[in-house]
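Trainee: Data: run-v1.cif, mmCIF, N, CA and C atoms.
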data_final
#
loop_
_atom_site.label_atom_id
_atom_site.label_comp_id
_atom_site.auth_asym_id
_atom_site.auth_seq_id
_atom_site.Cartn_x
_atom_site.Cartn_y
_atom_site.Cartn_z
N MET A 1 -4.84 -4.36 0.63
CA MET A 1 -5.15 -2.95 0.58
C MET A 1 -6.49 -2.76 -0.11
N ASN A 2 -7.19 -1.73 0.28
CA ASN A 2 -8.44 -1.36 -0.39
C ASN A 2 -8.17 -0.20 -1.35
N LEU A 3 -8.76 -0.30 -2.51
CA LEU A 3 -8.73 0.77 -3.49
C LEU A 3 -10.18 1.19 -3.70
N TYR A 4 -10.45 2.45 -3.44
CA TYR A 4 -11.80 2.99 -3.58
C TYR A 4 -11.84 3.83 -4.85
N ILE A 5 -12.67 3.42 -5.79
CA ILE A 5 -12.78 4.12 -7.08
C ILE A 5 -14.14 4.80 -7.10
N VAL A 6 -14.12 6.12 -7.30
CA VAL A 6 -15.32 6.94 -7.17
C VAL A 6 -15.57 7.74 -8.44
N ARG A 7 -16.81 7.78 -8.86
CA ARG A 7 -17.22 8.72 -9.89
C ARG A 7 -17.70 9.98 -9.18
N HIS A 8 -17.29 11.12 -9.67
CA HIS A 8 -17.67 12.41 -9.07
C HIS A 8 -19.18 12.54 -8.93
N GLY A 9 -19.60 13.47 -8.10
CA GLY A 9 -21.03 13.75 -7.93
C GLY A 9 -21.62 14.48 -9.12
N GLU A 10 -22.93 14.62 -9.09
CA GLU A 10 -23.66 15.30 -10.16
C GLU A 10 -23.10 16.71 -10.34
N ALA A 11 -22.80 17.08 -11.59
CA ALA A 11 -22.19 18.37 -11.89
C ALA A 11 -23.15 19.29 -12.64
N GLU A 12 -22.86 20.57 -12.53
CA GLU A 12 -23.63 21.58 -13.26
C GLU A 12 -23.48 21.36 -14.76
N ALA A 13 -24.48 21.77 -15.50
CA ALA A 13 -24.40 21.73 -16.96
C ALA A 13 -23.49 22.86 -17.40
N GLY A 14 -22.91 22.71 -18.55
CA GLY A 14 -22.08 23.79 -19.07
C GLY A 14 -21.12 23.30 -20.13
N ASN A 15 -20.54 24.26 -20.83
CA ASN A 15 -19.63 23.94 -21.91
C ASN A 15 -18.20 23.73 -21.45
N ASN A 16 -17.79 24.37 -20.35
CA ASN A 16 -16.42 24.23 -19.89
C ASN A 16 -16.30 23.01 -18.99
N ASP A 17 -15.93 21.91 -19.60
CA ASP A 17 -15.90 20.63 -18.89
C ASP A 17 -14.96 20.63 -17.68
N VAL A 18 -13.88 21.37 -17.75
CA VAL A 18 -12.88 21.36 -16.68
C VAL A 18 -13.36 22.05 -15.42
N SER A 19 -14.16 23.11 -15.56
CA SER A 19 -14.51 23.93 -14.40
C SER A 19 -15.92 23.70 -13.85
N ARG A 20 -16.64 22.72 -14.39
CA ARG A 20 -17.99 22.47 -13.88
C ARG A 20 -17.95 21.98 -12.44
N MET A 21 -18.67 22.65 -11.56
CA MET A 21 -18.73 22.30 -10.15
C MET A 21 -19.90 21.34 -9.90
N LEU A 22 -19.98 20.82 -8.67
CA LEU A 22 -21.10 19.98 -8.29
C LEU A 22 -22.36 20.81 -8.10
N THR A 23 -23.49 20.21 -8.36
CA THR A 23 -24.77 20.83 -8.03
C THR A 23 -25.01 20.65 -6.54
N ASP A 24 -26.02 21.32 -6.01
CA ASP A 24 -26.38 21.12 -4.61
C ASP A 24 -26.72 19.64 -4.37
N ARG A 25 -27.48 19.08 -5.28
CA ARG A 25 -27.82 17.66 -5.17
C ARG A 25 -26.57 16.80 -5.18
N GLY A 26 -25.62 17.13 -6.05
CA GLY A 26 -24.37 16.38 -6.13
C GLY A 26 -23.61 16.42 -4.82
N ARG A 27 -23.56 17.59 -4.18
CA ARG A 27 -22.87 17.70 -2.89
C ARG A 27 -23.55 16.84 -1.83
N ILE A 28 -24.88 16.87 -1.81
CA ILE A 28 -25.63 16.07 -0.84
C ILE A 28 -25.39 14.59 -1.05
N GLU A 29 -25.45 14.15 -2.32
CA GLU A 29 -25.24 12.73 -2.62
C GLU A 29 -23.83 12.28 -2.26
N VAL A 30 -22.83 13.08 -2.57
CA VAL A 30 -21.45 12.72 -2.22
C VAL A 30 -21.31 12.65 -0.70
N GLY A 31 -21.88 13.61 0.00
CA GLY A 31 -21.83 13.59 1.46
C GLY A 31 -22.47 12.34 2.04
N SER A 32 -23.58 11.92 1.44
CA SER A 32 -24.28 10.71 1.89
C SER A 32 -23.43 9.46 1.69
N VAL A 33 -22.81 9.35 0.53
CA VAL A 33 -21.96 8.19 0.24
C VAL A 33 -20.71 8.21 1.11
N ALA A 34 -20.15 9.39 1.36
CA ALA A 34 -18.98 9.50 2.23
C ALA A 34 -19.33 9.06 3.65
N ALA A 35 -20.51 9.45 4.14
CA ALA A 35 -20.95 9.04 5.48
C ALA A 35 -21.14 7.53 5.54
N ALA A 36 -21.72 6.95 4.50
CA ALA A 36 -21.91 5.49 4.46
C ALA A 36 -20.56 4.78 4.46
N MET A 37 -19.61 5.33 3.73
CA MET A 37 -18.28 4.74 3.68
C MET A 37 -17.63 4.80 5.07
N SER A 38 -17.78 5.91 5.74
CA SER A 38 -17.23 6.06 7.09
C SER A 38 -17.87 5.05 8.05
N GLN A 39 -19.18 4.84 7.91
CA GLN A 39 -19.88 3.87 8.76
C GLN A 39 -19.37 2.45 8.53
N ARG A 40 -18.86 2.18 7.37
CA ARG A 40 -18.27 0.87 7.07
C ARG A 40 -16.88 0.74 7.70
N GLY A 41 -16.37 1.82 8.25
CA GLY A 41 -15.04 1.81 8.86
C GLY A 41 -13.91 1.99 7.87
N ALA A 42 -14.21 2.50 6.69
CA ALA A 42 -13.20 2.68 5.66
C ALA A 42 -12.17 3.73 6.07
N VAL A 43 -10.92 3.44 5.75
CA VAL A 43 -9.81 4.35 6.02
C VAL A 43 -9.01 4.50 4.74
N VAL A 44 -8.66 5.73 4.39
CA VAL A 44 -7.81 5.97 3.22
C VAL A 44 -6.63 6.83 3.64
N SER A 45 -5.47 6.55 3.05
CA SER A 45 -4.29 7.35 3.34
C SER A 45 -4.28 8.62 2.50
N GLN A 46 -4.88 8.54 1.31
CA GLN A 46 -4.85 9.67 0.39
C GLN A 46 -6.04 9.60 -0.55
N ILE A 47 -6.47 10.77 -1.01
CA ILE A 47 -7.51 10.85 -2.03
C ILE A 47 -6.90 11.55 -3.24
N ARG A 48 -6.96 10.87 -4.37
CA ARG A 48 -6.39 11.39 -5.63
C ARG A 48 -7.54 11.68 -6.58
N HIS A 49 -7.50 12.83 -7.23
CA HIS A 49 -8.57 13.22 -8.16
C HIS A 49 -7.98 13.71 -9.47
N SER A 50 -8.84 13.86 -10.46
CA SER A 50 -8.41 14.20 -11.82
C SER A 50 -7.96 15.65 -11.99
N GLY A 51 -8.30 16.50 -11.06
CA GLY A 51 -7.98 17.92 -11.21
C GLY A 51 -9.11 18.74 -11.78
N ARG A 52 -10.12 18.08 -12.33
CA ARG A 52 -11.29 18.81 -12.81
C ARG A 52 -12.13 19.20 -11.60
N ALA A 53 -12.80 20.35 -11.68
CA ALA A 53 -13.47 20.94 -10.52
C ALA A 53 -14.43 19.98 -9.83
N ARG A 54 -15.24 19.26 -10.58
CA ARG A 54 -16.24 18.37 -9.96
C ARG A 54 -15.58 17.20 -9.24
N ALA A 55 -14.47 16.71 -9.77
CA ALA A 55 -13.75 15.62 -9.10
C ALA A 55 -13.03 16.15 -7.85
N GLN A 56 -12.45 17.33 -7.95
CA GLN A 56 -11.77 17.91 -6.80
C GLN A 56 -12.76 18.18 -5.67
N GLU A 57 -13.92 18.74 -6.02
CA GLU A 57 -14.93 19.02 -5.00
C GLU A 57 -15.43 17.72 -4.35
N THR A 58 -15.63 16.69 -5.16
CA THR A 58 -16.02 15.38 -4.62
C THR A 58 -14.95 14.86 -3.67
N ALA A 59 -13.70 14.94 -4.08
CA ALA A 59 -12.59 14.47 -3.24
C ALA A 59 -12.54 15.24 -1.92
N GLU A 60 -12.77 16.53 -1.96
CA GLU A 60 -12.71 17.34 -0.74
C GLU A 60 -13.86 17.00 0.22
N ILE A 61 -15.03 16.67 -0.32
CA ILE A 61 -16.14 16.25 0.54
C ILE A 61 -15.79 14.94 1.24
N PHE A 62 -15.25 13.98 0.48
CA PHE A 62 -14.82 12.71 1.09
C PHE A 62 -13.74 12.97 2.13
N ALA A 63 -12.80 13.85 1.85
CA ALA A 63 -11.71 14.15 2.78
C ALA A 63 -12.23 14.74 4.08
N GLY A 64 -13.29 15.54 3.99
CA GLY A 64 -13.88 16.11 5.18
C GLY A 64 -14.44 15.06 6.12
N VAL A 65 -14.83 13.93 5.57
CA VAL A 65 -15.38 12.83 6.38
C VAL A 65 -14.30 11.82 6.77
N LEU A 66 -13.40 11.50 5.84
CA LEU A 66 -12.44 10.43 6.05
C LEU A 66 -11.07 10.89 6.56
N THR A 67 -10.78 12.17 6.48
CA THR A 67 -9.51 12.77 6.92
C THR A 67 -8.27 11.93 6.54
N PRO A 68 -7.98 11.83 5.25
CA PRO A 68 -6.82 11.04 4.83
C PRO A 68 -5.51 11.66 5.32
N SER A 69 -4.64 10.83 5.87
CA SER A 69 -3.38 11.31 6.45
C SER A 69 -2.46 11.99 5.44
N ALA A 70 -2.48 11.56 4.18
CA ALA A 70 -1.63 12.14 3.15
C ALA A 70 -2.38 13.15 2.28
N GLY A 71 -3.58 13.52 2.69
CA GLY A 71 -4.31 14.60 2.03
C GLY A 71 -4.98 14.25 0.72
N VAL A 72 -5.26 15.31 -0.03
CA VAL A 72 -5.97 15.24 -1.31
C VAL A 72 -5.06 15.85 -2.37
N ILE A 73 -4.86 15.13 -3.47
CA ILE A 73 -3.98 15.63 -4.52
C ILE A 73 -4.58 15.39 -5.91
N ALA A 74 -4.26 16.29 -6.83
CA ALA A 74 -4.61 16.09 -8.24
C ALA A 74 -3.60 15.12 -8.83
N THR A 75 -4.10 14.19 -9.64
CA THR A 75 -3.27 13.14 -10.21
C THR A 75 -3.49 13.07 -11.72
N PRO A 76 -2.44 13.15 -12.51
CA PRO A 76 -2.62 13.04 -13.96
C PRO A 76 -3.01 11.62 -14.36
N GLY A 77 -3.66 11.51 -15.51
CA GLY A 77 -3.95 10.19 -16.07
C GLY A 77 -5.28 9.60 -15.71
N ILE A 78 -6.18 10.38 -15.06
CA ILE A 78 -7.49 9.83 -14.72
C ILE A 78 -8.64 10.69 -15.25
N HIS A 79 -8.41 11.28 -16.41
CA HIS A 79 -9.47 12.02 -17.10
C HIS A 79 -10.38 11.03 -17.82
N PRO A 80 -11.54 11.47 -18.28
CA PRO A 80 -12.53 10.54 -18.84
C PRO A 80 -12.00 9.57 -19.88
N GLU A 81 -11.24 10.04 -20.84
CA GLU A 81 -10.81 9.18 -21.95
C GLU A 81 -9.38 8.68 -21.81
N ASP A 82 -8.74 8.90 -20.67
CA ASP A 82 -7.36 8.43 -20.49
C ASP A 82 -7.32 6.90 -20.49
N PRO A 83 -6.22 6.33 -20.97
CA PRO A 83 -6.07 4.87 -20.90
C PRO A 83 -5.93 4.42 -19.45
N VAL A 84 -6.46 3.27 -19.12
CA VAL A 84 -6.43 2.79 -17.73
C VAL A 84 -5.17 1.98 -17.40
N ASP A 85 -4.49 1.46 -18.40
CA ASP A 85 -3.32 0.63 -18.15
C ASP A 85 -2.25 1.32 -17.30
N PRO A 86 -1.89 2.59 -17.56
CA PRO A 86 -0.85 3.22 -16.73
C PRO A 86 -1.24 3.32 -15.25
N ILE A 87 -2.48 3.60 -14.97
CA ILE A 87 -2.91 3.67 -13.56
C ILE A 87 -2.89 2.27 -12.95
N ALA A 88 -3.35 1.28 -13.70
CA ALA A 88 -3.33 -0.10 -13.19
C ALA A 88 -1.89 -0.51 -12.86
N LEU A 89 -0.96 -0.18 -13.72
CA LEU A 89 0.45 -0.52 -13.46
C LEU A 89 1.02 0.25 -12.28
N SER A 90 0.53 1.47 -12.07
CA SER A 90 1.04 2.28 -10.96
C SER A 90 0.62 1.71 -9.60
N LEU A 91 -0.33 0.79 -9.58
CA LEU A 91 -0.78 0.19 -8.33
C LEU A 91 0.23 -0.81 -7.76
N TYR A 92 1.14 -1.30 -8.62
CA TYR A 92 2.16 -2.24 -8.15
C TYR A 92 2.99 -1.57 -7.06
N GLY A 93 3.09 -2.23 -5.94
CA GLY A 93 3.88 -1.71 -4.84
C GLY A 93 3.10 -0.84 -3.88
N GLU A 94 1.89 -0.40 -4.25
CA GLU A 94 1.06 0.38 -3.32
C GLU A 94 0.60 -0.56 -2.21
N ARG A 95 0.67 -0.10 -0.98
CA ARG A 95 0.23 -0.93 0.13
C ARG A 95 -0.76 -0.22 1.05
N ASP A 96 -0.87 1.10 0.91
CA ASP A 96 -1.81 1.87 1.73
C ASP A 96 -3.10 2.08 0.95
N SER A 97 -4.22 1.87 1.60
CA SER A 97 -5.52 2.08 0.96
C SER A 97 -5.68 3.55 0.57
N PHE A 98 -6.22 3.77 -0.63
CA PHE A 98 -6.46 5.14 -1.09
C PHE A 98 -7.66 5.18 -2.00
N MET A 99 -8.04 6.39 -2.38
CA MET A 99 -9.22 6.62 -3.21
C MET A 99 -8.81 7.36 -4.48
N LEU A 100 -9.43 6.96 -5.60
CA LEU A 100 -9.31 7.67 -6.87
C LEU A 100 -10.68 8.25 -7.20
N VAL A 101 -10.75 9.54 -7.47
CA VAL A 101 -12.00 10.19 -7.86
C VAL A 101 -11.86 10.64 -9.31
N GLY A 102 -12.71 10.08 -10.17
CA GLY A 102 -12.60 10.38 -11.59
C GLY A 102 -13.94 10.45 -12.28
N HIS A 103 -13.94 10.04 -13.54
CA HIS A 103 -15.04 10.27 -14.46
C HIS A 103 -15.32 9.01 -15.27
N LEU A 104 -16.52 8.96 -15.85
CA LEU A 104 -16.81 7.94 -16.85
C LEU A 104 -16.20 8.40 -18.17
N PRO A 105 -15.74 7.50 -18.98
CA PRO A 105 -15.76 6.04 -18.81
C PRO A 105 -14.55 5.51 -18.03
N PHE A 106 -13.61 6.39 -17.63
CA PHE A 106 -12.37 5.93 -17.01
C PHE A 106 -12.60 5.02 -15.80
N VAL A 107 -13.45 5.45 -14.85
CA VAL A 107 -13.61 4.66 -13.62
C VAL A 107 -14.17 3.26 -13.92
N ALA A 108 -15.13 3.17 -14.81
CA ALA A 108 -15.70 1.86 -15.15
C ALA A 108 -14.66 0.99 -15.85
N ARG A 109 -13.90 1.58 -16.74
CA ARG A 109 -12.87 0.82 -17.46
C ARG A 109 -11.78 0.32 -16.51
N LEU A 110 -11.40 1.14 -15.52
CA LEU A 110 -10.38 0.72 -14.57
C LEU A 110 -10.87 -0.45 -13.72
N VAL A 111 -12.09 -0.37 -13.24
CA VAL A 111 -12.65 -1.47 -12.45
C VAL A 111 -12.72 -2.74 -13.30
N GLY A 112 -13.13 -2.61 -14.55
CA GLY A 112 -13.17 -3.77 -15.44
C GLY A 112 -11.81 -4.40 -15.64
N LEU A 113 -10.81 -3.58 -15.91
CA LEU A 113 -9.47 -4.11 -16.12
C LEU A 113 -8.94 -4.80 -14.87
N LEU A 114 -9.12 -4.18 -13.72
CA LEU A 114 -8.56 -4.74 -12.49
C LEU A 114 -9.28 -6.01 -12.04
N THR A 115 -10.59 -6.06 -12.19
CA THR A 115 -11.34 -7.19 -11.61
C THR A 115 -11.59 -8.34 -12.58
N VAL A 116 -11.80 -8.05 -13.86
CA VAL A 116 -12.07 -9.13 -14.81
C VAL A 116 -11.05 -9.18 -15.95
N GLY A 117 -10.04 -8.30 -15.88
CA GLY A 117 -8.98 -8.33 -16.88
C GLY A 117 -9.36 -7.73 -18.21
N ASP A 118 -10.47 -7.02 -18.27
CA ASP A 118 -10.94 -6.45 -19.54
C ASP A 118 -11.58 -5.09 -19.27
N ALA A 119 -10.95 -4.05 -19.76
CA ALA A 119 -11.46 -2.68 -19.54
C ALA A 119 -12.81 -2.46 -20.21
N ASN A 120 -13.18 -3.30 -21.14
CA ASN A 120 -14.47 -3.14 -21.83
C ASN A 120 -15.59 -3.92 -21.17
N ARG A 121 -15.32 -4.59 -20.05
CA ARG A 121 -16.34 -5.38 -19.34
C ARG A 121 -16.46 -4.93 -17.89
N ALA A 122 -16.98 -3.74 -17.70
CA ALA A 122 -17.10 -3.18 -16.35
C ALA A 122 -18.19 -3.89 -15.56
N PRO A 123 -17.85 -4.42 -14.38
CA PRO A 123 -18.85 -5.10 -13.56
C PRO A 123 -19.68 -4.15 -12.69
N VAL A 124 -19.40 -2.84 -12.78
CA VAL A 124 -20.08 -1.86 -11.93
C VAL A 124 -20.72 -0.80 -12.80
N ASN A 125 -21.99 -0.50 -12.49
CA ASN A 125 -22.66 0.64 -13.09
C ASN A 125 -22.25 1.84 -12.24
N PHE A 126 -21.86 2.94 -12.84
CA PHE A 126 -21.35 4.08 -12.10
C PHE A 126 -22.22 5.32 -12.28
N PRO A 127 -23.41 5.36 -11.63
CA PRO A 127 -24.11 6.65 -11.60
C PRO A 127 -23.24 7.64 -10.83
N THR A 128 -23.55 8.92 -10.91
CA THR A 128 -22.76 9.90 -10.17
C THR A 128 -22.73 9.56 -8.69
N ALA A 129 -21.62 9.91 -8.04
CA ALA A 129 -21.39 9.71 -6.60
C ALA A 129 -21.38 8.24 -6.19
N THR A 130 -21.01 7.37 -7.10
CA THR A 130 -20.91 5.94 -6.79
C THR A 130 -19.47 5.58 -6.47
N ILE A 131 -19.31 4.68 -5.51
CA ILE A 131 -17.99 4.21 -5.12
C ILE A 131 -17.94 2.69 -5.24
N ALA A 132 -16.81 2.20 -5.72
CA ALA A 132 -16.54 0.76 -5.77
C ALA A 132 -15.33 0.48 -4.90
N CYS A 133 -15.45 -0.46 -3.98
CA CYS A 133 -14.33 -0.86 -3.13
C CYS A 133 -13.72 -2.14 -3.69
N LEU A 134 -12.45 -2.07 -4.03
CA LEU A 134 -11.71 -3.22 -4.51
C LEU A 134 -10.69 -3.62 -3.45
N LEU A 135 -10.48 -4.89 -3.30
CA LEU A 135 -9.50 -5.41 -2.36
C LEU A 135 -8.45 -6.18 -3.15
N GLY A 136 -7.19 -5.93 -2.84
CA GLY A 136 -6.13 -6.67 -3.51
C GLY A 136 -4.82 -5.94 -3.47
N GLU A 137 -3.95 -6.31 -4.40
CA GLU A 137 -2.68 -5.64 -4.58
C GLU A 137 -2.09 -6.06 -5.91
N ASP A 138 -1.19 -5.24 -6.40
CA ASP A 138 -0.51 -5.45 -7.67
C ASP A 138 -1.52 -5.72 -8.79
N SER A 139 -1.63 -6.97 -9.26
CA SER A 139 -2.56 -7.26 -10.35
C SER A 139 -3.72 -8.17 -9.93
N GLN A 140 -3.87 -8.41 -8.65
CA GLN A 140 -4.93 -9.29 -8.14
C GLN A 140 -5.97 -8.47 -7.38
N TRP A 141 -7.13 -8.25 -7.98
CA TRP A 141 -8.16 -7.39 -7.39
C TRP A 141 -9.52 -8.07 -7.45
N GLU A 142 -10.31 -7.84 -6.41
CA GLU A 142 -11.69 -8.31 -6.41
C GLU A 142 -12.60 -7.18 -5.96
N LEU A 143 -13.79 -7.13 -6.52
CA LEU A 143 -14.79 -6.16 -6.14
C LEU A 143 -15.42 -6.64 -4.85
N VAL A 144 -15.38 -5.79 -3.79
CA VAL A 144 -15.90 -6.18 -2.48
C VAL A 144 -17.30 -5.60 -2.26
N TRP A 145 -17.49 -4.31 -2.55
CA TRP A 145 -18.80 -3.68 -2.38
C TRP A 145 -18.86 -2.42 -3.22
N THR A 146 -20.09 -1.97 -3.43
CA THR A 146 -20.34 -0.68 -4.08
C THR A 146 -21.34 0.09 -3.23
N GLU A 147 -21.33 1.38 -3.38
CA GLU A 147 -22.28 2.25 -2.68
C GLU A 147 -22.67 3.36 -3.63
N SER A 148 -23.96 3.59 -3.74
CA SER A 148 -24.50 4.67 -4.57
C SER A 148 -25.47 5.49 -3.73
N PRO A 149 -25.72 6.72 -4.13
CA PRO A 149 -26.69 7.53 -3.38
C PRO A 149 -28.07 6.89 -3.42
N GLY A 150 -28.80 7.07 -2.34
CA GLY A 150 -30.19 6.58 -2.30
C GLY A 150 -30.24 5.13 -2.05
#
For the file at hand, write its structure as structure tokens.

Mentor:
Amino acid sequence: MNLYIVRHGEAEAGNNDVSRMLTDRGRIEVGSVAAAMSQRGAVVSQIRHSGRARAQETAEIFAGVLTPSAGVIATPGIHPEDPVDPIALSLYGERDSFMLVGHLPFVARLVGLLTVGDANRAPVNFPTATIACLLGEDSQWELVWTESPG
């Protein structure tokens, strides 16, 4: 199965972290990365996001390109400072490829834990609108490719 881990697109500045939307540039960059992902032939059954506005908007842009059969849903436990272990454990038994849209440092820590066994050693730099494709299942994961805007 493929697991696609995405950092949301560039967001507006502001004090209310939960409701910050994407900038115009952020929408363009996410659309570009979603198109590149589609050109790779990527298929996802579902897109899960943190519930914060910028992650939800990013997820919806990807959904417009990838049309996941199980839709787009908000998922607890993928906020910036959430621990990554519970999400890593929740992958056991998953067999359908899906996408997680979240935030730094969570996305980098999750990729580190899954691929090198250490959440503090992320093998991927995650500028906004970056996606990492991991291949594997349960506790065996490898980084296959990354895509960033530009």

Trainee: Please write the residues picked by the PyMOL selection byres ((chain A and resi 46) around 5) on this file as a ChimeraX atom specification.

Mentor: /A:44-45,47-48,68,70-71,98-99

Trainee: Take the PyMOL selection byres (((chain A and resi 63 and name CA) around 12) and name CA), apply it to the structure above, and return the hits as a ChimeraX atom specification.

Mentor: /A:30-31,34-35,37-38,42-49,56-62,64-73,98-101

Trainee: Can you tell me which residues surround region 108-114 of chain A at a distance of at most 5 Å, considering all atoms listed in the file, apart from same-chain residues fewer than 4 positions away, and format the answer as a ChimeraX atom specification?

Mentor: /A:118-119,121-123,141

Trainee: Could you tell me how far CA of Gln140 (chain A) lies from CA of Gly9 (chain A), in Å and to one decimal?

Mentor: 28.1 Å

Trainee: Name the residues that the PyMOL selection byres ((chain A and resi 144) around 8) picks from the file above, as a ChimeraX atom specification, using the file's chain letters and numbers.

Mentor: /A:132-135,141-143,145-146

Trainee: Based on the backbone DSSP call, show me all residues of chain A assigned helix (DSSP H, G or I), as a ChimeraX atom specification.

Mentor: /A:24-39,53-66,85-90,106-116

Trainee: Set the distance at 6 Å and use only N, CA and C atoms: which residues neighbour region 26-28 of chain A once local chain neighbours fewer than 3 positions away are removed? I'd like the list as a list of chain:residue names.

Mentor: A:Gly9, A:Glu10, A:Ala11, A:Leu22, A:Thr23, A:Gly31, A:Ser32

Trainee: Please extract the residues of chain A with a backbone DSSP assignment of strand (DSSP E) and present them as an MDAnalysis selection string.

Mentor: chainID A and resid 2:7 46:49 72:74 98:102 131:137 140:147

Trainee: Please provide as an NGL selection string all residues within 8 Å of Phe106 (chain A), with the sequence filter that same-chain residues fewer than 5 positions apart are discarded (counting only C-alpha atoms).

Mentor: :A and (78-84)

Trainee: Work out how far apart CA of Gly41 (chain A) and CA of His103 (chain A) are and give it in Å to one decimal.

Mentor: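 We find that CA of Gly41 (chain A) and CA of His103 (chain A) lie 24.8 Å from each other.
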
Trainee: So what do you get for atom N of Val116 (chain A) versus atom C of Ser139 (chain A), distance-wise?

Mentor: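 So the answer is 9.0 Å.
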
Trainee: Between A:Ala55, A:Ala88, A:Val33, A:Ala13, which one has atoms that come closest to Thr115 (chain A), using only C-alpha atoms?

Mentor: A:Ala88

Trainee: Pick from A:His8, A:Leu91, A:Arg25, A:Asn2: nearest to Pro127 (chain A), with only N, CA and C atoms counted?

Mentor: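 Using only N, CA and C atoms, Pro127 (chain A) sits closest to A:His8.
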